[in-house]
Structure formats: C-alpha cells, structure tokens
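Peer 1: Supplied in structure tokens, the structure appears directly below.
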There are 2 protein chains.
Amino acid sequence: MEFIRRNTDYALRALSYMAAHPVGKIFSVAEVAQAEQIPQGFLRKIFQKLARADIVVTHRGPRGGFALARDPGDVTAREIVETIQGPIAVNRCLLGRDACERWDTCRLRTGWIGIQEGFVAFLEGVTLKSLADLQYGSPGGITGTVPPESR
Amino acid sequence: MEFIRRNTDYALRALSYMAAHPVGKIFSVAEVAQAEQIPQGFLRKIFQKLARADIVVTHRGPRGGFALARDPGDVTAREIVETIQGPIAVNRCLLGRDACERWDTCRLRTGWIGIQEGFVAFLEGVTLKSLADLQYGSPGGITGTVPPESR
DNA sequence: GGGAAATAGGACTAAAATAGTCCTGTAAGG
DNA sequence: CCTTACAGGACTATTTTAGTCCTATTTCCC
C-alpha cells in the first residue's frame with residue numbers, strides 16, 4: 001500500500017529536474033523522460049495534468065515543450081500530489097459527510113483527521129526549490145514539518 | 001487517494017463490533033455483516049486473512065463462526081491494516097533498497113520516512129479495545145500519538 | 001508560402017489491484 | 001447418518017493505474 005503513486009513520483013522527479021535549471025527554460029518531454037528514466041508518453045500525459053493546474057506552461061511545435069509556470073519556491077509538493085492523484089484522504093469518510101453514513105457517530109474519524117493533517121503539512125513544507133536543492137546534495141535535507149517524534 | 005481501503009475499513013469495523021461484546025463469543029459472518037452493513041461473502045474473505053494472522057479464530061460447521069483470538073487491548077490497528085493491505089509504505093522506495101535505483105542519492109526519502117513513522121505510530125496507539133470504547137461514546141476519543149501540531 | 005519534421009494533445013489499450021460472488025468442504029445435531 | 005449451518009477458497013467483475021499510439025499544431029527550411 002503506497003500513498004505516492006508511480007505517476008506522482010514521476011511528476012515530482014520531473015519537476016525538480018526542471019527546477020534545477022535556469023528559470024524559463026523549455027524542456028521537451030524527451031529530454032526530461034531520458035534524464036529521469038520515465039516512459040515518454042506517460043510523462044507527456046502527466047505534464048498535461050500539470051499544465052491544466054498551471055504548474056507548467058506548454059509550447060507546441062518544434063522547439064516546443066514545457067516550462068515551469070511559476071517560481072520553484074512557490075510550488076508545493078502538496079499541490080503536485082493533489083493535481084496528480086486528487087484530494088488527499090486517509091479514509092473515505094474524510095472526503096465528505098456523504099461518503100459514510102456513520103459520519104456523525106464514528107469517533108475514529110477524529111484520529112484519521114490528525115494523521116492526515118500531519119501528512120498534508122509535510123507536503124506543504126516541501127517546494128520544488130527545496131527538492132531541486134536536494135538533488136545537488138545541499139546540506140540539511142528535508143526537515144520541514146516532520147513530526148518531532150518521528151525524526 | 002485513500003490510505004485506508006474498503007476492506008480494511010470493514011475489518012476495523014467488524015473487529016471493533018466484536019470487541020464490544022464479551023470475550024470468547026463466537027460470531028457468524030452473517031451477524032457481523034448485518035450489524036455493520038458489509039457484504040457477507042466479502043467479509044468472510046476478510047476474516048480469512050485475519051484468521052491467518054491470528055487475530056481471529058475460526059469454528060466451522062453449524063453454530064460456528066469467528067471469535068477474537070486475543071484480548072482486544074492487545075490488537076493494534078497497525079496490525080489489522082498491515083494484515084489486510086500489506087506493509088505500509090508512503091512511497092515505493094520505502095519498501096526496500098531494490099524498489100528504486102536512486103535509493104542512495106534521493107534525499108526526499110528521508111522526508112517520506114518521517115511521515116510514515118508518524119502514521120504507523122498513530123496506528124500503533126489504536127487498539128481494538130479503544131475502538132470498541134469509542135463505539136459507546138466513552139469520553140476522550142482517540143488522541144493517541146497524533147503529532148502535536150496537527151491537533 | 002509550402003512541406004517536412006518535431007513536438008504536445010488526447011483517445012485508446014493493457015495490466016494490475018480491488019471488490020465481490022458462488023460453489024465446495026466440514027462439522028454439529030437431530 | 002443425513003440434513004443443515006456454517007467457513008474455505010477458487011473464481012469473476014469492476015475499477016484504477018499505467019502505458020501506447022494516432023492526431024493536431026507549430027516551427028523552420030527550402
């Protein structure tokens with residue numbers, strides 16, 4: 001059981017690759033796919049979703065490709081994850097009152113909310129910039145909002 | 001994207017229903033399925049997994065059924081979740097060194113480990129006994145080991 | 001300007017995971 | 001010892017995930 005699916009992992013890797021290069025540079029899918037070892041067609045489809053979410057901008061035709069739409073420091077991992085695999089919910093009941101008829105009485109829900117918020121907070125603390133820095137091995141690594149007791 | 005799948009949710013509900021009754025009582029699948037609104041055949045299959053993990057014991061034939069194998073206070077939600085949906089891994093790379101060729105260089109992995117440990121710690125803190133108590137609305141609810149900043 | 005080539009768009013297909021059904025085997029009780 | 005109530009587990013259906021391939025657009029070269 002994995003929280004982060006293949007395509008989300010690809011997205012994170014592809015975007016941080018791009019973030020490690022000068023702002024505004026246009027990348028072809030082929031280049032990024034080769035650099036990060038991702039099936040080309042699949043990556044193209046992933047970029048389509050990212051484009052609709054205004055995370056990248058597209059340029060068609062020869063010499064076209066994709067570029068980051070915003071400053072890498074302004075794009076969070078949470079945004080990327082939710083763009084690719086939809087709203088984060090530890091359990092179905094956290095998607096809304098209608099998802100479970102026991103919504104009112106189930107007290108376990110409170111617990112689910114807690115871990116979900118921890119997860120989201122972590123993803124909020126990770127930006128494309130921090131990911132790109134990691135690729136170069138800058139000191140410190142990701143510490144962000146990881147709960148203290150799990151460090 | 002949900003971390004807890006349907007069958008795991010069913011297992012948690014069925015087991016806490018059983019934990020809310022006298023220890024040693026044998027339940028037929030039909031009874032629990034009706035009480036918790038779970039498809040009978042599906043629940044039976046879930047119980048099979050739980051039986052192999054020594055969480056319940058089975059009795060075949062008429063007047064047979066399933067009973068909790070252990071004290072409800074000794075069975076954690078973590079155990080149940082892992083029995084039903086396998087090892088918990090935020091990302092594929094946390095399943096082992098072989099799952100990703102970048103294992104050594106990827107520094108994001110450290111972050112994944114942090115949130116995963118938080119999640120597992122929460123599940124460790126929840127037992128069948130605490131779940132059953134919740135069903136009766138005992139005060140306090142689940143607070144367990146939820147990270148402080150997410151309360 | 002027109003056509004070849006490089007590129008993204010998006011419909012389509014394949015594979016895997018998940019959810020659920022149904023026939024078979026076992027044991028209790030009359 | 002036969003009927004019946006139950007779990008075992010093979011099987012099927014559905015949904016999700018992953019991946020491919022044909023179509024449309026734009027540039028650049030002639």
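Letters A, B, ... go to the chains of the structure tokens in the order shown; residues in each chain start at 1; ligands are counted from 1 in the same order.
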Pull out every residue of chain B sitting within 10 Å of chain C, counting only C-alpha atoms (C1' of nucleotides), and send them as a ChimeraX atom specification.
Peer 2: /B:5-7,39-43,45,59-64
Peer 1: Please, which residues of chain A, numbered as in this document, come out strand (DSSP E) from DSSP, as a count of residues only?
Peer 2: 8
Peer 1: Record the distance separating atom CA of A:Val56 and atom CA of A:Val32, expressed in Å with one decimal.
Peer 2: 13.4 Å
Peer 1: Which is closest to chain B among A:Gly73, A:Gly111, A:Gly96, A:Gly125, if we use only C-alpha atoms?
Peer 2: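 Nearest to chain B: A:Gly111.
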Peer 1: Identify all residues of chain B in helix (DSSP H, G or I) (DSSP on the backbone) and supply them as an MDAnalysis selection string.
Peer 2: chainID B and resid 6:19 29:36 40:52 72:74 77:85 92:95 97:99 108:124 128:135 148:150
Peer 1: Please save C-alpha atoms of the selected residues as an mmCIF file, in the first residue's frame.
Peer 2:
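Done, and the output landed in out.cif:
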data_model
loop_
_atom_site.group_PDB
_atom_site.id
_atom_site.type_symbol
_atom_site.label_atom_id
_atom_site.label_comp_id
_atom_site.auth_asym_id
_atom_site.auth_seq_id
_atom_site.Cartn_x
_atom_site.Cartn_y
_atom_site.Cartn_z
ATOM 1 C CA ARG B 6 -12.650 -0.502 1.793
ATOM 2 C CA ASN B 7 -11.762 -3.940 3.078
ATOM 3 C CA THR B 8 -9.536 -2.526 5.808
ATOM 4 C CA ASP B 9 -12.305 -0.234 6.916
ATOM 5 C CA TYR B 10 -14.651 -3.221 7.011
ATOM 6 C CA ALA B 11 -12.137 -5.171 9.084
ATOM 7 C CA LEU B 12 -11.747 -2.378 11.614
ATOM 8 C CA ARG B 13 -15.487 -2.000 11.957
ATOM 9 C CA ALA B 14 -16.209 -5.720 12.188
ATOM 10 C CA LEU B 15 -13.496 -6.321 14.761
ATOM 11 C CA SER B 16 -14.462 -3.406 16.939
ATOM 12 C CA TYR B 17 -18.037 -4.645 16.848
ATOM 13 C CA MET B 18 -16.818 -7.972 18.156
ATOM 14 C CA ALA B 19 -14.586 -6.305 20.729
ATOM 15 C CA VAL B 29 -20.260 -13.771 9.442
ATOM 16 C CA ALA B 30 -23.955 -13.159 8.820
ATOM 17 C CA GLU B 31 -24.426 -11.437 12.158
ATOM 18 C CA VAL B 32 -21.464 -9.110 11.866
ATOM 19 C CA ALA B 33 -22.160 -8.382 8.208
ATOM 20 C CA GLN B 34 -25.687 -7.353 9.013
ATOM 21 C CA ALA B 35 -24.714 -5.282 12.027
ATOM 22 C CA GLU B 36 -22.062 -3.349 10.142
ATOM 23 C CA GLN B 40 -21.326 -11.166 3.637
ATOM 24 C CA GLY B 41 -19.063 -13.022 1.244
ATOM 25 C CA PHE B 42 -16.601 -10.186 1.204
ATOM 26 C CA LEU B 43 -16.447 -10.058 4.971
ATOM 27 C CA ARG B 44 -15.865 -13.800 5.097
ATOM 28 C CA LYS B 45 -12.836 -13.373 2.864
ATOM 29 C CA ILE B 46 -11.556 -10.599 5.097
ATOM 30 C CA PHE B 47 -11.942 -12.838 8.145
ATOM 31 C CA GLN B 48 -9.893 -15.483 6.394
ATOM 32 C CA LYS B 49 -6.947 -13.109 6.272
ATOM 33 C CA LEU B 50 -7.479 -12.119 9.873
ATOM 34 C CA ALA B 51 -7.542 -15.790 10.844
ATOM 35 C CA ARG B 52 -4.205 -16.463 9.157
ATOM 36 C CA PRO B 72 -8.857 -6.526 22.343
ATOM 37 C CA GLY B 73 -6.337 -4.379 24.168
ATOM 38 C CA ASP B 74 -3.510 -6.360 22.563
ATOM 39 C CA ALA B 77 -4.895 -1.023 14.246
ATOM 40 C CA ARG B 78 -1.475 -1.188 12.678
ATOM 41 C CA GLU B 79 -1.573 -4.965 12.803
ATOM 42 C CA ILE B 80 -5.005 -5.049 11.223
ATOM 43 C CA VAL B 81 -4.133 -2.577 8.473
ATOM 44 C CA GLU B 82 -0.960 -4.432 7.568
ATOM 45 C CA THR B 83 -2.733 -7.775 7.610
ATOM 46 C CA ILE B 84 -5.301 -6.572 5.119
ATOM 47 C CA GLN B 85 -3.380 -4.294 2.824
ATOM 48 C CA ARG B 92 7.606 2.659 -3.181
ATOM 49 C CA CYS B 93 11.181 3.403 -2.255
ATOM 50 C CA LEU B 94 10.382 2.719 1.399
ATOM 51 C CA LEU B 95 9.646 -0.911 0.637
ATOM 52 C CA ARG B 97 16.544 -0.649 -1.417
ATOM 53 C CA ASP B 98 15.673 -2.547 -4.600
ATOM 54 C CA ALA B 99 12.475 -0.650 -5.287
ATOM 55 C CA LEU B 108 13.476 13.141 -0.304
ATOM 56 C CA ARG B 109 13.303 9.627 1.062
ATOM 57 C CA THR B 110 14.233 10.973 4.486
ATOM 58 C CA GLY B 111 11.081 13.069 4.457
ATOM 59 C CA TRP B 112 8.891 10.168 3.446
ATOM 60 C CA ILE B 113 10.282 8.150 6.316
ATOM 61 C CA GLY B 114 9.235 10.867 8.733
ATOM 62 C CA ILE B 115 5.592 10.975 7.777
ATOM 63 C CA GLN B 116 5.423 7.227 7.507
ATOM 64 C CA GLU B 117 6.650 6.822 11.042
ATOM 65 C CA GLY B 118 4.068 9.302 12.218
ATOM 66 C CA PHE B 119 1.323 7.330 10.529
ATOM 67 C CA VAL B 120 2.484 3.998 11.895
ATOM 68 C CA ALA B 121 2.838 5.436 15.384
ATOM 69 C CA PHE B 122 -0.745 6.597 15.278
ATOM 70 C CA LEU B 123 -1.991 3.173 14.229
ATOM 71 C CA GLU B 124 0.093 1.549 16.945
ATOM 72 C CA LEU B 128 -9.473 -2.834 19.315
ATOM 73 C CA LYS B 129 -10.359 -2.002 22.879
ATOM 74 C CA SER B 130 -10.077 1.728 22.279
ATOM 75 C CA LEU B 131 -12.123 1.374 19.109
ATOM 76 C CA ALA B 132 -14.844 -0.539 20.901
ATOM 77 C CA ASP B 133 -14.921 2.058 23.665
ATOM 78 C CA LEU B 134 -15.424 4.739 21.068
ATOM 79 C CA GLN B 135 -18.490 2.976 19.754
ATOM 80 C CA PRO B 148 1.147 17.829 18.298
ATOM 81 C CA GLU B 149 0.992 20.400 15.534
ATOM 82 C CA SER B 150 -1.942 18.706 13.873
#
Peer 1: What does the distance from atom CA of A:Val23 to atom CA of A:Ile4 come to in Å, to one decimal?
Peer 2: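 Atom CA of A:Ile4 lies 26.9 Å from atom CA of A:Val23.
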Peer 1: Could I get the residues of chain D with an atom no further than 9 Å from an atom of chain B, each paired with its nearest atom pair and that distance in Å to one decimal, using only C-alpha atoms (C1' of nucleotides), sorted by chain and residue number, as a Markdown table?
Peer 2:
| residue | atom | partner | partner_atom | distance |
| --- | --- | --- | --- | --- |
| D:DT4 | C1' | B:Pro62 | CA | 7.5 |
| D:DA5 | C1' | B:Pro62 | CA | 4.1 |
| D:DC6 | C1' | B:Gly61 | CA | 4.6 |
| D:DA7 | C1' | B:Arg60 | CA | 5.4 |
| D:DG8 | C1' | B:Gln48 | CA | 8.1 |
| D:DG9 | C1' | B:Lys45 | CA | 8.4 |
Peer 1: Using the selection just defined, write its residues with C-alpha atoms (C1' of nucleotides) as an mmCIF file, in the first residue's frame.
Peer 2:
data_model
loop_
_atom_site.group_PDB
_atom_site.id
_atom_site.type_symbol
_atom_site.label_atom_id
_atom_site.label_comp_id
_atom_site.auth_asym_id
_atom_site.auth_seq_id
_atom_site.Cartn_x
_atom_site.Cartn_y
_atom_site.Cartn_z
ATOM 1 C "C1'" DT D 4 -28.241 -28.064 7.570
ATOM 2 C "C1'" DA D 5 -25.442 -24.199 9.054
ATOM 3 C "C1'" DC D 6 -21.506 -22.538 8.595
ATOM 4 C "C1'" DA D 7 -16.382 -21.225 6.812
ATOM 5 C "C1'" DG D 8 -12.812 -22.134 2.826
ATOM 6 C "C1'" DG D 9 -11.273 -20.577 -1.160
#
Peer 1: Would you work out the distance separating atom CA of A:Pro87 from atom CA of B:Met1, expressed in Å to one decimal?
Peer 2: 6.4 Å
Peer 1: Just checking: using only C-alpha atoms, which residue out of A:Val75, A:Val90, A:Ile55, A:Ala67 ends up closest to chain B?
Peer 2: A:Val90
Peer 1: From the options A:Lys25, A:Thr76, A:Gln37, A:Leu68, which residue's atoms come nearest to chain B, counting only C-alpha atoms?
Peer 2: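 Nearest to chain B: A:Gln37.
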Peer 1: Counting only C-alpha atoms, figure out which residue out of A:Phe3, A:Asp54, A:Ala69, A:Ile38 gets nearest to chain B.
Peer 2: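 Closest candidate: A:Phe3.
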